[in-house]
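Q: Structure: entry.tsv, TSV, C-alpha atoms and all ligand atoms.
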```
chain	number	residue	atom	x	y	z
N	98	MET	CA	-47.81	195.41	208.87
N	99	LEU	CA	-51.57	195.02	209.07
N	100	PRO	CA	-52.93	192.05	207.16
N	101	LYS	CA	-54.10	193.25	203.76
N	102	SER	CA	-57.84	193.05	204.47
N	103	ARG	CA	-57.57	195.15	207.62
N	104	PHE	CA	-55.36	197.59	205.81
N	105	VAL	CA	-57.95	198.10	203.05
N	106	ILE	CA	-60.67	198.77	205.61
N	107	ALA	CA	-58.47	201.30	207.38
N	108	LEU	CA	-57.83	203.12	204.11
N	109	ALA	CA	-61.49	203.06	203.08
N	110	SER	CA	-62.64	204.64	206.30
N	111	ALA	CA	-59.94	207.30	206.05
N	112	TYR	CA	-61.31	208.27	202.64
N	113	LEU	CA	-64.94	208.29	203.71
N	114	PHE	CA	-64.22	210.81	206.39
N	115	GLY	CA	-62.02	213.00	204.22
N	116	ASN	CA	-63.57	215.76	202.16
N	117	ALA	CA	-65.35	214.64	199.01
N	118	GLN	CA	-62.88	215.94	196.47
N	119	ALA	CA	-59.28	215.37	197.48
N	120	VAL	CA	-58.90	211.89	198.93
N	121	GLY	CA	-58.10	211.43	202.58
N	122	THR	CA	-57.27	214.08	205.10
N	123	PRO	CA	-54.15	216.20	205.13
N	124	PHE	CA	-52.00	215.40	208.13
N	125	GLY	CA	-48.91	216.86	209.70
N	126	LEU	CA	-48.30	220.56	209.27
N	127	ALA	CA	-50.83	220.90	206.41
N	128	ALA	CA	-53.73	219.61	208.52
N	129	GLY	CA	-56.84	221.65	207.77
N	130	THR	CA	-55.94	222.38	204.15
N	131	THR	CA	-59.06	222.16	201.97
N	132	GLY	CA	-57.86	223.40	198.55
N	133	GLY	CA	-60.84	223.97	196.26
N	134	GLY	CA	-63.08	222.55	198.96
N	135	ASN	CA	-66.48	221.44	197.75
N	136	ALA	CA	-66.30	223.01	194.30
N	137	THR	CA	-67.59	220.56	191.69
N	138	PRO	CA	-64.64	218.73	190.11
N	139	ALA	CA	-64.18	219.77	186.49
N	140	VAL	CA	-61.89	218.55	183.71
N	141	PRO	CA	-60.18	221.31	181.70
N	142	SER	CA	-60.87	221.10	177.98
N	143	SER	CA	-57.47	222.42	176.88
N	144	LEU	CA	-54.01	223.41	178.03
N	145	ALA	CA	-55.20	227.02	178.02
N	146	GLU	CA	-58.17	226.25	180.23
N	147	LEU	CA	-55.99	224.33	182.69
N	148	THR	CA	-53.62	227.31	182.80
N	149	THR	CA	-56.47	229.74	183.50
N	150	TRP	CA	-58.24	227.59	186.06
N	151	LEU	CA	-55.06	227.08	188.07
N	152	SER	CA	-54.24	230.78	188.19
N	153	ASP	CA	-57.58	232.57	188.52
N	154	SER	CA	-59.17	233.65	191.79
N	155	THR	CA	-62.03	231.12	191.80
N	156	PRO	CA	-61.81	228.20	194.25
N	157	ARG	CA	-61.66	225.10	192.04
N	158	VAL	CA	-61.26	221.34	192.05
N	159	ILE	CA	-59.46	220.69	188.77
N	160	LEU	CA	-59.60	217.07	187.68
N	161	LEU	CA	-56.99	215.72	185.28
N	162	ASP	CA	-58.20	212.59	183.49
N	163	LYS	CA	-55.23	212.36	181.11
N	164	MET	CA	-51.75	213.74	180.62
N	165	PHE	CA	-51.87	217.41	179.65
N	166	ASP	CA	-48.80	217.66	177.43
N	167	PHE	CA	-47.20	221.10	177.27
N	168	THR	CA	-43.86	219.85	175.98
N	169	SER	CA	-43.81	221.50	172.56
N	170	ALA	CA	-46.64	224.00	173.15
N	171	GLU	CA	-44.28	226.98	173.26
N	172	GLY	CA	-41.73	225.72	170.75
N	173	THR	CA	-38.01	225.37	171.27
N	174	VAL	CA	-35.18	227.69	172.16
N	175	THR	CA	-31.69	227.32	170.74
N	176	GLY	CA	-29.01	229.13	172.66
N	177	THR	CA	-25.89	228.95	174.74
N	178	GLY	CA	-25.40	226.22	177.29
N	179	CYS	CA	-22.47	224.84	179.17
N	180	LYS	CA	-21.04	221.55	180.40
N	181	PRO	CA	-20.53	221.85	184.19
N	182	TRP	CA	-20.01	218.11	184.59
N	183	THR	CA	-17.37	216.15	182.74
N	184	CYS	CA	-18.29	212.69	184.00
N	185	SER	CA	-19.80	210.04	181.73
N	186	PRO	CA	-22.14	208.72	180.55
N	187	ASN	CA	-24.83	211.29	179.84
N	188	PRO	CA	-24.04	214.27	182.08
N	189	GLN	CA	-26.71	216.94	182.25
N	190	LEU	CA	-25.89	220.17	180.47
N	191	ALA	CA	-26.89	223.60	181.78
N	192	ILE	CA	-28.91	226.31	180.12
N	193	ASP	CA	-27.07	229.61	180.49
N	194	ALA	CA	-30.01	231.15	182.32
N	195	ASN	CA	-29.20	234.63	183.64
N	196	ASN	CA	-25.54	234.07	182.79
N	197	TRP	CA	-25.36	231.17	185.22
N	198	CYS	CA	-22.54	229.53	183.29
N	199	GLU	CA	-20.36	232.64	183.38
N	200	ASN	CA	-21.16	233.41	187.01
N	201	TYR	CA	-21.06	229.96	188.57
N	202	GLU	CA	-19.28	227.63	186.15
N	203	PRO	CA	-16.76	229.91	184.42
N	204	SER	CA	-14.47	227.02	183.49
N	205	ALA	CA	-17.25	224.92	181.95
N	206	ALA	CA	-17.06	224.45	178.19
N	207	LYS	CA	-19.76	226.24	176.21
N	208	THR	CA	-22.03	224.46	173.80
N	209	THR	CA	-25.12	225.20	171.74
N	210	ILE	CA	-28.27	223.59	173.05
N	211	THR	CA	-31.94	223.33	172.10
N	212	TYR	CA	-34.63	222.86	174.72
N	213	TYR	CA	-38.39	223.19	175.07
N	214	LYS	CA	-39.44	226.65	176.22
N	215	ALA	CA	-42.55	225.35	178.03
N	216	GLY	CA	-40.39	223.76	180.71
N	217	THR	CA	-39.03	227.14	181.73
N	218	THR	CA	-42.43	228.79	182.29
N	219	PRO	CA	-44.30	226.98	185.09
N	220	LEU	CA	-48.05	227.05	185.57
N	221	LYS	CA	-49.03	229.51	188.26
N	222	VAL	CA	-51.21	228.05	191.01
N	223	ALA	CA	-53.37	230.50	192.98
N	224	SER	CA	-55.02	230.04	196.38
N	225	ASN	CA	-57.94	227.71	197.09
N	226	LYS	CA	-57.26	225.10	194.42
N	227	THR	CA	-57.27	221.33	194.33
N	228	LEU	CA	-55.42	219.78	191.39
N	229	LEU	CA	-56.45	216.15	191.38
N	230	GLY	CA	-55.63	213.29	189.05
N	231	LYS	CA	-58.09	210.58	188.14
N	232	GLY	CA	-56.94	206.98	188.47
N	233	SER	CA	-53.41	206.57	187.25
N	234	SER	CA	-53.72	208.67	184.11
N	235	GLY	CA	-53.78	212.31	185.14
N	236	GLY	CA	-50.91	214.73	185.02
N	237	ILE	CA	-48.78	217.30	183.31
N	238	LEU	CA	-45.92	216.75	180.88
N	239	GLY	CA	-43.28	219.26	179.86
N	240	LYS	CA	-44.13	221.94	182.40
N	241	GLY	CA	-44.17	222.29	186.16
N	242	ILE	CA	-46.27	224.25	188.61
N	243	LYS	CA	-45.41	227.27	190.73
N	244	ILE	CA	-47.07	228.47	193.92
N	245	SER	CA	-45.98	231.98	194.81
N	246	GLY	CA	-47.39	233.57	197.95
N	247	ALA	CA	-50.60	231.54	197.78
N	248	SER	CA	-52.36	229.36	200.31
N	249	ASN	CA	-54.77	226.49	200.74
N	250	ILE	CA	-53.71	224.27	197.85
N	251	ILE	CA	-53.90	220.51	197.34
N	252	ILE	CA	-51.93	218.76	194.58
N	253	GLN	CA	-52.87	215.09	194.61
N	254	ASN	CA	-52.52	211.99	192.47
N	255	ILE	CA	-50.91	213.56	189.43
N	256	LYS	CA	-47.80	212.74	187.46
N	257	ILE	CA	-45.41	215.52	186.55
N	258	ALA	CA	-42.75	214.43	184.09
N	259	SER	CA	-40.52	215.12	181.10
N	260	ILE	CA	-39.42	218.68	181.74
N	261	ASN	CA	-36.22	219.11	179.71
N	262	PRO	CA	-34.51	216.31	181.65
N	263	GLN	CA	-31.22	216.84	179.87
N	264	PHE	CA	-30.86	220.42	181.08
N	265	VAL	CA	-30.30	222.05	184.43
N	266	TRP	CA	-32.50	225.19	184.45
N	267	GLY	CA	-34.82	223.37	182.08
N	268	GLY	CA	-37.56	223.57	184.69
N	269	ASP	CA	-38.70	222.39	188.12
N	270	ALA	CA	-41.70	220.12	188.70
N	271	ILE	CA	-43.05	221.93	191.78
N	272	GLN	CA	-41.84	225.31	193.04
N	273	ILE	CA	-43.22	227.03	196.11
N	274	ASP	CA	-41.95	230.53	196.84
N	275	GLY	CA	-43.90	231.61	199.89
N	276	GLY	CA	-47.17	229.97	200.83
N	277	SER	CA	-49.05	228.12	203.50
N	278	LYS	CA	-51.53	225.30	203.87
N	279	ILE	CA	-50.19	223.26	201.00
N	280	TRP	CA	-50.61	219.50	200.67
N	281	ILE	CA	-48.58	217.74	197.97
N	282	ASP	CA	-49.76	214.13	198.15
N	283	HIS	CA	-49.57	210.89	196.15
N	284	ASN	CA	-47.88	212.36	193.09
N	285	THR	CA	-45.22	210.78	190.86
N	286	ILE	CA	-42.39	212.92	189.54
N	287	GLN	CA	-39.79	211.78	187.00
N	288	ASN	CA	-37.44	213.10	184.29
N	289	ILE	CA	-37.09	216.70	185.38
N	290	GLY	CA	-34.32	219.16	184.42
N	291	ARG	CA	-33.86	220.76	187.77
N	292	GLN	CA	-35.74	220.33	191.06
N	293	MET	CA	-38.47	217.78	191.56
N	294	ILE	CA	-39.65	220.07	194.35
N	295	ALA	CA	-38.16	223.29	195.68
N	296	THR	CA	-39.02	226.17	197.92
N	297	GLY	CA	-37.64	229.62	197.14
N	298	TYR	CA	-36.79	232.23	199.77
N	299	GLY	CA	-40.35	233.07	200.80
N	300	ALA	CA	-41.51	231.13	203.87
N	301	VAL	CA	-43.40	227.94	203.11
N	302	THR	CA	-45.39	226.99	206.19
N	303	ALA	CA	-48.12	224.53	207.17
N	304	THR	CA	-47.02	222.31	204.30
N	305	THR	CA	-47.04	218.52	204.00
N	306	ILE	CA	-45.30	216.60	201.22
N	307	SER	CA	-46.51	213.03	201.54
N	308	ASN	CA	-46.81	209.70	199.74
N	309	ASN	CA	-45.05	210.96	196.62
N	310	VAL	CA	-42.74	208.99	194.35
N	311	PHE	CA	-39.59	210.88	193.47
N	312	ASN	CA	-38.34	208.62	190.72
N	313	GLY	CA	-34.79	209.61	189.84
N	314	ASP	CA	-34.31	206.89	187.25
N	315	GLY	CA	-33.37	208.57	183.98
N	316	THR	CA	-30.80	208.90	181.26
N	317	TYR	CA	-29.29	212.27	182.12
N	318	SER	CA	-27.79	213.03	185.49
N	319	ALA	CA	-25.44	215.57	187.05
N	320	THR	CA	-23.75	212.55	188.63
N	321	CYS	CA	-23.65	210.47	185.42
N	322	ASN	CA	-25.10	207.39	187.08
N	323	GLY	CA	-28.64	207.56	185.71
N	324	GLU	CA	-29.86	208.93	189.06
N	325	HIS	CA	-31.36	212.39	189.46
N	326	TYR	CA	-29.47	214.72	191.77
N	327	TRP	CA	-31.95	217.62	192.15
N	328	VAL	CA	-34.72	216.04	194.23
N	329	ALA	CA	-35.98	218.30	197.01
N	330	LEU	CA	-34.63	221.71	198.10
N	331	PHE	CA	-36.01	223.67	201.05
N	332	THR	CA	-34.47	227.12	201.46
N	333	GLY	CA	-37.28	229.46	202.52
N	334	SER	CA	-37.15	232.07	205.26
N	335	GLY	CA	-38.89	229.95	207.88
N	336	ASP	CA	-40.05	226.83	206.03
N	337	GLN	CA	-42.16	224.46	208.17
N	338	ILE	CA	-42.58	221.21	206.30
N	339	THR	CA	-43.75	217.68	207.03
N	340	PHE	CA	-42.01	215.31	204.58
N	341	ALA	CA	-43.49	211.87	205.14
N	342	LEU	CA	-44.10	208.50	203.48
N	343	ASN	CA	-42.31	209.49	200.30
N	344	TYR	CA	-40.47	207.05	198.06
N	345	LEU	CA	-37.12	208.30	196.79
N	346	TYR	CA	-35.83	205.90	194.17
N	347	LYS	CA	-32.55	206.08	192.26
N	348	THR	CA	-31.74	209.61	193.31
N	349	SER	CA	-28.22	210.89	193.96
N	350	GLY	CA	-28.54	214.15	195.90
N	351	ARG	CA	-30.69	216.73	197.66
N	352	GLY	CA	-33.00	214.18	199.21
N	353	PRO	CA	-33.81	216.70	200.65
N	354	HIS	CA	-31.31	219.54	200.88
N	355	VAL	CA	-32.51	221.81	203.68
N	356	GLY	CA	-31.01	225.15	204.61
N	357	THR	CA	-29.72	228.45	203.39
N	358	SER	CA	-27.64	231.04	205.15
N	359	GLY	CA	-29.63	233.69	207.03
N	360	TYR	CA	-32.88	231.71	207.14
N	361	TYR	CA	-34.20	228.78	209.12
N	362	GLN	CA	-36.19	225.72	208.11
N	363	ASN	CA	-37.74	222.94	210.19
N	364	VAL	CA	-38.41	219.71	208.33
N	365	HIS	CA	-39.96	216.68	209.99
N	366	ALA	CA	-38.95	213.81	207.72
N	367	TYR	CA	-40.55	210.54	208.71
N	368	ASN	CA	-41.38	207.14	207.26
N	369	ASN	CA	-39.71	207.89	203.95
N	370	TYR	CA	-38.29	204.99	201.94
N	371	PHE	CA	-34.98	205.69	200.25
N	372	VAL	CA	-33.84	203.06	197.75
N	373	SER	CA	-30.73	202.89	195.55
N	374	VAL	CA	-29.39	206.33	196.32
N	375	ASN	CA	-25.89	206.35	194.86
N	376	GLY	CA	-24.99	209.67	196.37
N	377	HIS	CA	-26.60	211.34	199.37
N	378	ALA	CA	-30.10	211.56	200.76
N	379	VAL	CA	-30.56	214.21	203.47
N	380	ASP	CA	-28.32	217.28	203.17
N	381	PRO	CA	-28.73	219.57	206.21
N	382	GLU	CA	-27.10	222.91	205.59
N	383	VAL	CA	-26.87	226.19	207.48
N	384	GLY	CA	-30.15	227.22	209.10
N	385	SER	CA	-31.83	223.85	208.98
N	386	LYS	CA	-33.28	221.62	211.67
N	387	VAL	CA	-34.18	218.22	210.25
N	388	LEU	CA	-35.75	215.58	212.49
N	389	LEU	CA	-35.61	212.12	210.93
N	390	GLU	CA	-37.89	209.44	212.35
N	391	GLY	CA	-38.81	205.98	211.15
N	392	ASN	CA	-37.10	206.33	207.79
N	393	TYR	CA	-35.71	203.32	205.95
N	394	PHE	CA	-32.50	203.74	203.97
N	395	ASN	CA	-31.97	200.82	201.58
N	396	ALA	CA	-28.74	200.90	199.59
N	397	VAL	CA	-28.05	204.57	200.26
N	398	THR	CA	-24.41	205.59	200.01
N	399	THR	CA	-24.75	208.53	202.40
N	400	PRO	CA	-28.06	208.69	204.32
N	401	VAL	CA	-27.25	212.03	205.95
N	402	LEU	CA	-24.50	214.27	204.60
N	403	SER	CA	-22.32	215.86	207.28
N	404	GLY	CA	-20.37	219.09	207.19
N	405	GLY	CA	-23.06	221.33	205.73
N	406	GLY	CA	-23.55	223.28	208.94
N	407	GLY	CA	-27.19	222.34	209.50
N	408	GLN	CA	-28.73	220.52	212.42
N	409	ALA	CA	-30.14	217.01	212.06
N	410	TYR	CA	-31.17	214.28	214.43
N	411	ALA	CA	-31.59	210.72	213.17
N	412	PRO	CA	-32.05	208.38	216.11
N	413	VAL	CA	-30.98	204.78	215.60
N	414	SER	CA	-30.72	203.36	219.11
N	415	SER	CA	-33.19	203.19	221.98
N	416	SER	CA	-31.16	205.72	223.90
N	417	ASP	CA	-31.23	208.10	220.88
N	418	ALA	CA	-35.00	207.62	220.77
N	419	ALA	CA	-35.38	208.33	224.47
N	420	ALA	CA	-33.47	211.59	224.12
N	421	CYS	CA	-36.50	213.03	222.29
N	422	SER	CA	-38.82	212.78	225.25
N	423	SER	CA	-37.85	216.02	226.98
N	424	LYS	CA	-38.81	218.10	223.92
N	425	LEU	CA	-41.45	215.95	222.17
N	426	GLY	CA	-43.06	214.34	225.19
N	427	ARG	CA	-42.50	210.95	223.56
N	428	ASN	CA	-39.64	208.83	222.34
N	429	CYS	CA	-38.59	209.28	218.74
N	430	VAL	CA	-39.06	206.44	216.26
N	431	THR	CA	-35.70	205.08	215.18
N	432	ASN	CA	-34.39	204.96	211.61
N	433	ILE	CA	-32.97	201.90	209.85
N	434	GLY	CA	-30.23	201.57	207.28
N	435	LEU	CA	-29.72	198.42	205.20
N	436	SER	CA	-26.66	198.10	202.96
N	437	SER	CA	-26.22	201.81	203.51
N	438	GLY	CA	-23.58	204.19	204.78
N	439	ALA	CA	-23.35	204.98	208.45
N	440	LEU	CA	-26.37	206.36	210.22
N	441	PRO	CA	-25.09	206.41	213.81
N	442	GLY	CA	-22.87	209.32	214.48
N	443	VAL	CA	-23.79	211.46	211.51
N	444	ALA	CA	-26.96	213.12	212.76
N	445	THR	CA	-26.78	213.34	216.53
N	446	ASP	CA	-27.49	216.98	217.21
N	447	THR	CA	-30.15	216.98	219.93
N	448	GLY	CA	-30.40	220.77	219.51
N	449	THR	CA	-32.44	219.87	216.43
N	450	LEU	CA	-35.27	218.88	218.74
N	451	ASN	CA	-35.84	222.51	219.78
N	452	GLY	CA	-37.53	223.01	216.42
N	453	PHE	CA	-40.10	220.26	217.03
N	454	THR	CA	-41.86	221.07	220.28
N	455	SER	CA	-45.32	221.91	218.94
N	456	SER	CA	-48.21	219.48	219.28
N	457	VAL	CA	-48.23	218.52	215.59
N	458	PHE	CA	-44.82	216.91	216.00
N	459	LYS	CA	-45.62	215.38	219.36
N	460	SER	CA	-48.76	213.70	218.05
N	461	ALA	CA	-47.41	212.58	214.66
N	462	ASN	CA	-48.49	209.05	213.76
N	463	ILE	CA	-45.22	207.37	212.83
N	464	MET	CA	-44.86	203.68	211.96
N	465	ALA	CA	-41.84	201.56	212.77
N	466	ALA	CA	-39.13	201.89	210.13
N	467	SER	CA	-39.26	198.12	209.61
N	468	SER	CA	-42.75	198.50	208.07
N	469	VAL	CA	-41.88	201.41	205.81
N	470	GLY	CA	-40.51	199.55	202.77
N	471	SER	CA	-43.60	197.49	202.06
N	472	TYR	CA	-46.03	200.24	203.05
N	473	VAL	CA	-44.47	202.97	200.93
N	474	GLN	CA	-43.99	200.73	197.88
N	475	ALA	CA	-47.66	199.74	198.03
N	476	ASN	CA	-49.13	203.17	198.72
N	477	SER	CA	-47.02	205.99	197.27
N	478	GLY	CA	-47.38	207.79	193.98
N	479	ILE	CA	-50.06	208.09	191.34
N	480	GLY	CA	-52.88	205.57	190.99
N	481	LYS	CA	-53.25	204.65	194.65
N	482	VAL	CA	-56.04	207.09	195.53
N	483	ASN	CA	-59.01	208.43	193.57
C	1	LIG	C1	-59.52	231.55	199.70
C	1	LIG	O1	-60.67	231.16	200.41
C	1	LIG	C2	-60.80	231.82	201.66
C	1	LIG	C3	-61.94	231.16	202.40
C	1	LIG	O2	-63.12	231.16	201.63
C	1	LIG	C4	-61.00	233.30	201.43
C	1	LIG	O3	-61.10	233.99	202.65
C	1	LIG	C5	-59.81	233.84	200.64
C	1	LIG	O4	-60.02	235.17	200.31
C	1	LIG	C6	-59.57	233.01	199.37
C	1	LIG	N1	-58.34	233.45	198.78
C	1	LIG	C7	-58.28	233.92	197.56
C	1	LIG	C8	-56.93	234.39	197.11
C	1	LIG	O5	-59.22	233.94	196.81
```
Rewrite the structure of this file - the entire thing - as structure tokens.
A:
Amino acid sequence: MLPKSRFVIALASAYLFGNAQAVGTPFGLAAGTTGGGNATPAVPSSLAELTTWLSDSTPRVILLDKMFDFTSAEGTVTGTGCKPWTCSPNPQLAIDANNWCENYEPSAAKTTITYYKAGTTPLKVASNKTLLGKGSSGGILGKGIKISGASNIIIQNIKIASINPQFVWGGDAIQIDGGSKIWIDHNTIQNIGRQMIATGYGAVTATTISNNVFNGDGTYSATCNGEHYWVALFTGSGDQITFALNYLYKTSGRGPHVGTSGYYQNVHAYNNYFVSVNGHAVDPEVGSKVLLEGNYFNAVTTPVLSGGGGQAYAPVSSSDAAACSSKLGRNCVTNIGLSSGALPGVATDTGTLNGFTSSVFKSANIMAASSVGSYVQANSGIGKVN
């Protein structure tokens, strides 16, 4: 680690040379993303104005100076739900959205549930937008955001929380179904019904998800251990994602799940800090190539799930690291596990490297895994920039 004073100077100069609105410069696959560019930052005066500004065709820098609370704005819905999990305590229940219970959990007991409607209708985000929080107080409660076939978007320094956390299908925090040039940076996400972040089937390219806190600590869980299962899901038809410097805390699954049959996804996951994951972190399934570098797994039951049919490479030894050089033109940065399940032997598919031959991967600035815990704890999430 740099001494603190040198570290502050390094950060300050990074900000000075970034564009004036979003803080810092997008790196990795989203390099060059400008969002709302130089539009004058403006604070929406109401939930309705925020909704309009996010979805209209004007380039905007939308500044959130407080929590915009949509939780009860659309009332509640009482209807049929089901109980897919029988563990205890506090299993999530599922909303019977599109007959999901009948189609996918036919043996689950039915029950009557009441949830907030706002969680099920995300805010649409159009192209050329920056959504930026001020200090540590800006964000959205009770509703998530959805990018659908849009490009050039920055979401930075906001909190997204409290979206029907008891209910699967109660809402995602961030959905991206097709899009490019997207930078999701320095946000904090907690207490969500379904995914903290998910791509759909449309290709999500030139996208970087960085410095976010995925805080899985909550009452309700599909795994009944107070840890959120539905963290990150990348299933698009050609997703190209940098997933770096994120803090995954008390999660139990999909951290991230990558892959879906018939499509391919390349995810460069580096310098992430995984802590207290009583379940699995990375879940590479069919179609995926996941390159893991310089990640730190601290008390993670299963750092990389095997058997899903995806390709993953998580070097741990110097010879693993050296095996990267023929494709990346450099050695890989090794991963570390502490009090965690096995890393060696679970993600050794060097064929993964064929997905990471472009210059953005070769030139990635990756710190040693041994520095990741302190760096990510000090710098991720809301309130660290702007
Ligand atoms: C976004 O901005 C770019 C560059 O100014 C412009 O070409 C494009 O049409 C804009 N997209 C939309 C959907 O407004």
Q: Counting only C-alpha atoms and all ligand atoms, what residues are within 6 Å of ligand LIG 1 (chain C), given as a list in words?
A: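 If we count only C-alpha atoms and all ligand atoms, the neighbours of ligand LIG 1 (chain C) turn out to be Ser154, Ser224 and Asn225 of chain N.
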Q: With all atoms listed in the file as the atoms that count, which of N:Pro219, N:Val328, N:Ala194, N:Ala461 lies nearest to N:Thr177?
A: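 Once distances to N:Thr177 are computed over all atoms listed in the file, the minimum belongs to N:Ala194.
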Q: Restricting the calculation to all atoms listed in the file: of N:Gln362, N:Asn432, N:Ser455, N:Thr348, which residue gets closest to N:Val397?
A: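 Checking each candidate against N:Val397, we get N:Thr348 as the closest.
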Q: My list of candidates is N:Ser318, N:Val355, N:Ile306, N:Asn363. Which is closest to N:Ala128 when distances are computed with all atoms listed in the file?
A: N:Ile306
Q: In the coordinates of the file, take the point (-23.6, 206.1, 208.5) and a cut-off of 10 Å; then, counting only C-alpha atoms, name each qualifying protein, DNA or RNA residue as a PyMOL selection string.
A: chain N and resi 397-403+434+437-444
Q: Looking at N:Val174, N:Val413, N:Val140, N:Leu126, which one is nearest to N:Tyr393, with distances taken over all atoms listed in the file?
A: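 Closest to N:Tyr393, using all atoms listed in the file: N:Val413.
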Q: Taking into account all atoms listed in the file, which residue in the set N:Asn187, N:Ser436, N:Asn261, N:Thr339 is nearest to N:Asn322?
A: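 Among N:Asn187, N:Ser436, N:Asn261, N:Thr339, it is N:Asn187 that comes nearest to N:Asn322.
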Q: Quick one, how far is atom CA of N:Gly452 from atom CA of N:His377?
A: 23.4 Å
Q: Quick check, in Å to one decimal: how far apart do atom CA of N:Gly275 and atom CA of N:Ala366 lie?
A: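 Between atom CA of N:Gly275 and atom CA of N:Ala366 the gap works out to 20.1 Å.
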Q: Which centre and edge lengths in Å to one decimal define the box along x, y and z that fits every listed atom of stretch 417-423 of chain N plus 5 Å per side, as JSON?
A:
```
{"center_x": -35.0, "center_y": 211.8, "center_z": 223.9, "size_x": 17.6, "size_y": 18.4, "size_z": 16.2}
```
Q: Just need stretch 268-273 of chain N in a file, please: all heavy atoms, as a PDB file, in the first residue's frame.
A:
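decode-v2.pdb, freshly written:
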```pdb
ATOM      1  N   GLY N 268     -37.896  -6.911  -7.416  1.00  0.00           N
ATOM      2  CA  GLY N 268     -37.177  -5.853  -8.119  1.00  0.00           C
ATOM      3  C   GLY N 268     -35.672  -6.057  -8.077  1.00  0.00           C
ATOM      4  O   GLY N 268     -35.143  -6.648  -7.138  1.00  0.00           O
ATOM      5  N   ASP N 269     -35.007  -5.581  -9.142  1.00  0.00           N
ATOM      6  CA  ASP N 269     -33.546  -5.554  -9.216  1.00  0.00           C
ATOM      7  C   ASP N 269     -33.080  -4.131  -8.917  1.00  0.00           C
ATOM      8  O   ASP N 269     -33.819  -3.172  -9.142  1.00  0.00           O
ATOM      9  CB  ASP N 269     -33.060  -5.906 -10.630  1.00  0.00           C
ATOM     10  CG  ASP N 269     -33.430  -7.317 -11.063  1.00  0.00           C
ATOM     11  OD1 ASP N 269     -33.740  -8.161 -10.193  1.00  0.00           O
ATOM     12  OD2 ASP N 269     -33.401  -7.570 -12.281  1.00  0.00           O
ATOM     13  N   ALA N 270     -31.836  -3.990  -8.483  1.00  0.00           N
ATOM     14  CA  ALA N 270     -31.282  -2.641  -8.298  1.00  0.00           C
ATOM     15  C   ALA N 270     -30.861  -2.045  -9.641  1.00  0.00           C
ATOM     16  O   ALA N 270     -31.251  -0.932  -9.983  1.00  0.00           O
ATOM     17  CB  ALA N 270     -30.112  -2.673  -7.331  1.00  0.00           C
ATOM     18  N   ILE N 271     -30.051  -2.788 -10.400  1.00  0.00           N
ATOM     19  CA  ILE N 271     -29.584  -2.299 -11.705  1.00  0.00           C
ATOM     20  C   ILE N 271     -29.746  -3.423 -12.729  1.00  0.00           C
ATOM     21  O   ILE N 271     -29.198  -4.506 -12.565  1.00  0.00           O
ATOM     22  CB  ILE N 271     -28.103  -1.869 -11.641  1.00  0.00           C
ATOM     23  CG1 ILE N 271     -27.912  -0.749 -10.613  1.00  0.00           C
ATOM     24  CG2 ILE N 271     -27.609  -1.432 -13.031  1.00  0.00           C
ATOM     25  CD1 ILE N 271     -26.446  -0.349 -10.391  1.00  0.00           C
ATOM     26  N   GLN N 272     -30.537  -3.135 -13.766  1.00  0.00           N
ATOM     27  CA  GLN N 272     -30.690  -4.073 -14.886  1.00  0.00           C
ATOM     28  C   GLN N 272     -30.134  -3.420 -16.144  1.00  0.00           C
ATOM     29  O   GLN N 272     -30.415  -2.252 -16.401  1.00  0.00           O
ATOM     30  CB  GLN N 272     -32.162  -4.328 -15.208  1.00  0.00           C
ATOM     31  CG  GLN N 272     -32.978  -5.073 -14.208  1.00  0.00           C
ATOM     32  CD  GLN N 272     -34.422  -5.205 -14.735  1.00  0.00           C
ATOM     33  OE1 GLN N 272     -34.667  -5.622 -15.866  1.00  0.00           O
ATOM     34  NE2 GLN N 272     -35.371  -4.817 -13.911  1.00  0.00           N
ATOM     35  N   ILE N 273     -29.423  -4.192 -16.929  1.00  0.00           N
ATOM     36  CA  ILE N 273     -28.949  -3.694 -18.221  1.00  0.00           C
ATOM     37  C   ILE N 273     -29.278  -4.756 -19.258  1.00  0.00           C
ATOM     38  O   ILE N 273     -28.719  -5.853 -19.239  1.00  0.00           O
ATOM     39  CB  ILE N 273     -27.424  -3.437 -18.223  1.00  0.00           C
ATOM     40  CG1 ILE N 273     -26.975  -2.687 -16.958  1.00  0.00           C
ATOM     41  CG2 ILE N 273     -27.034  -2.654 -19.479  1.00  0.00           C
ATOM     42  CD1 ILE N 273     -25.455  -2.573 -16.827  1.00  0.00           C
TER      43      ILE N 273
END
```
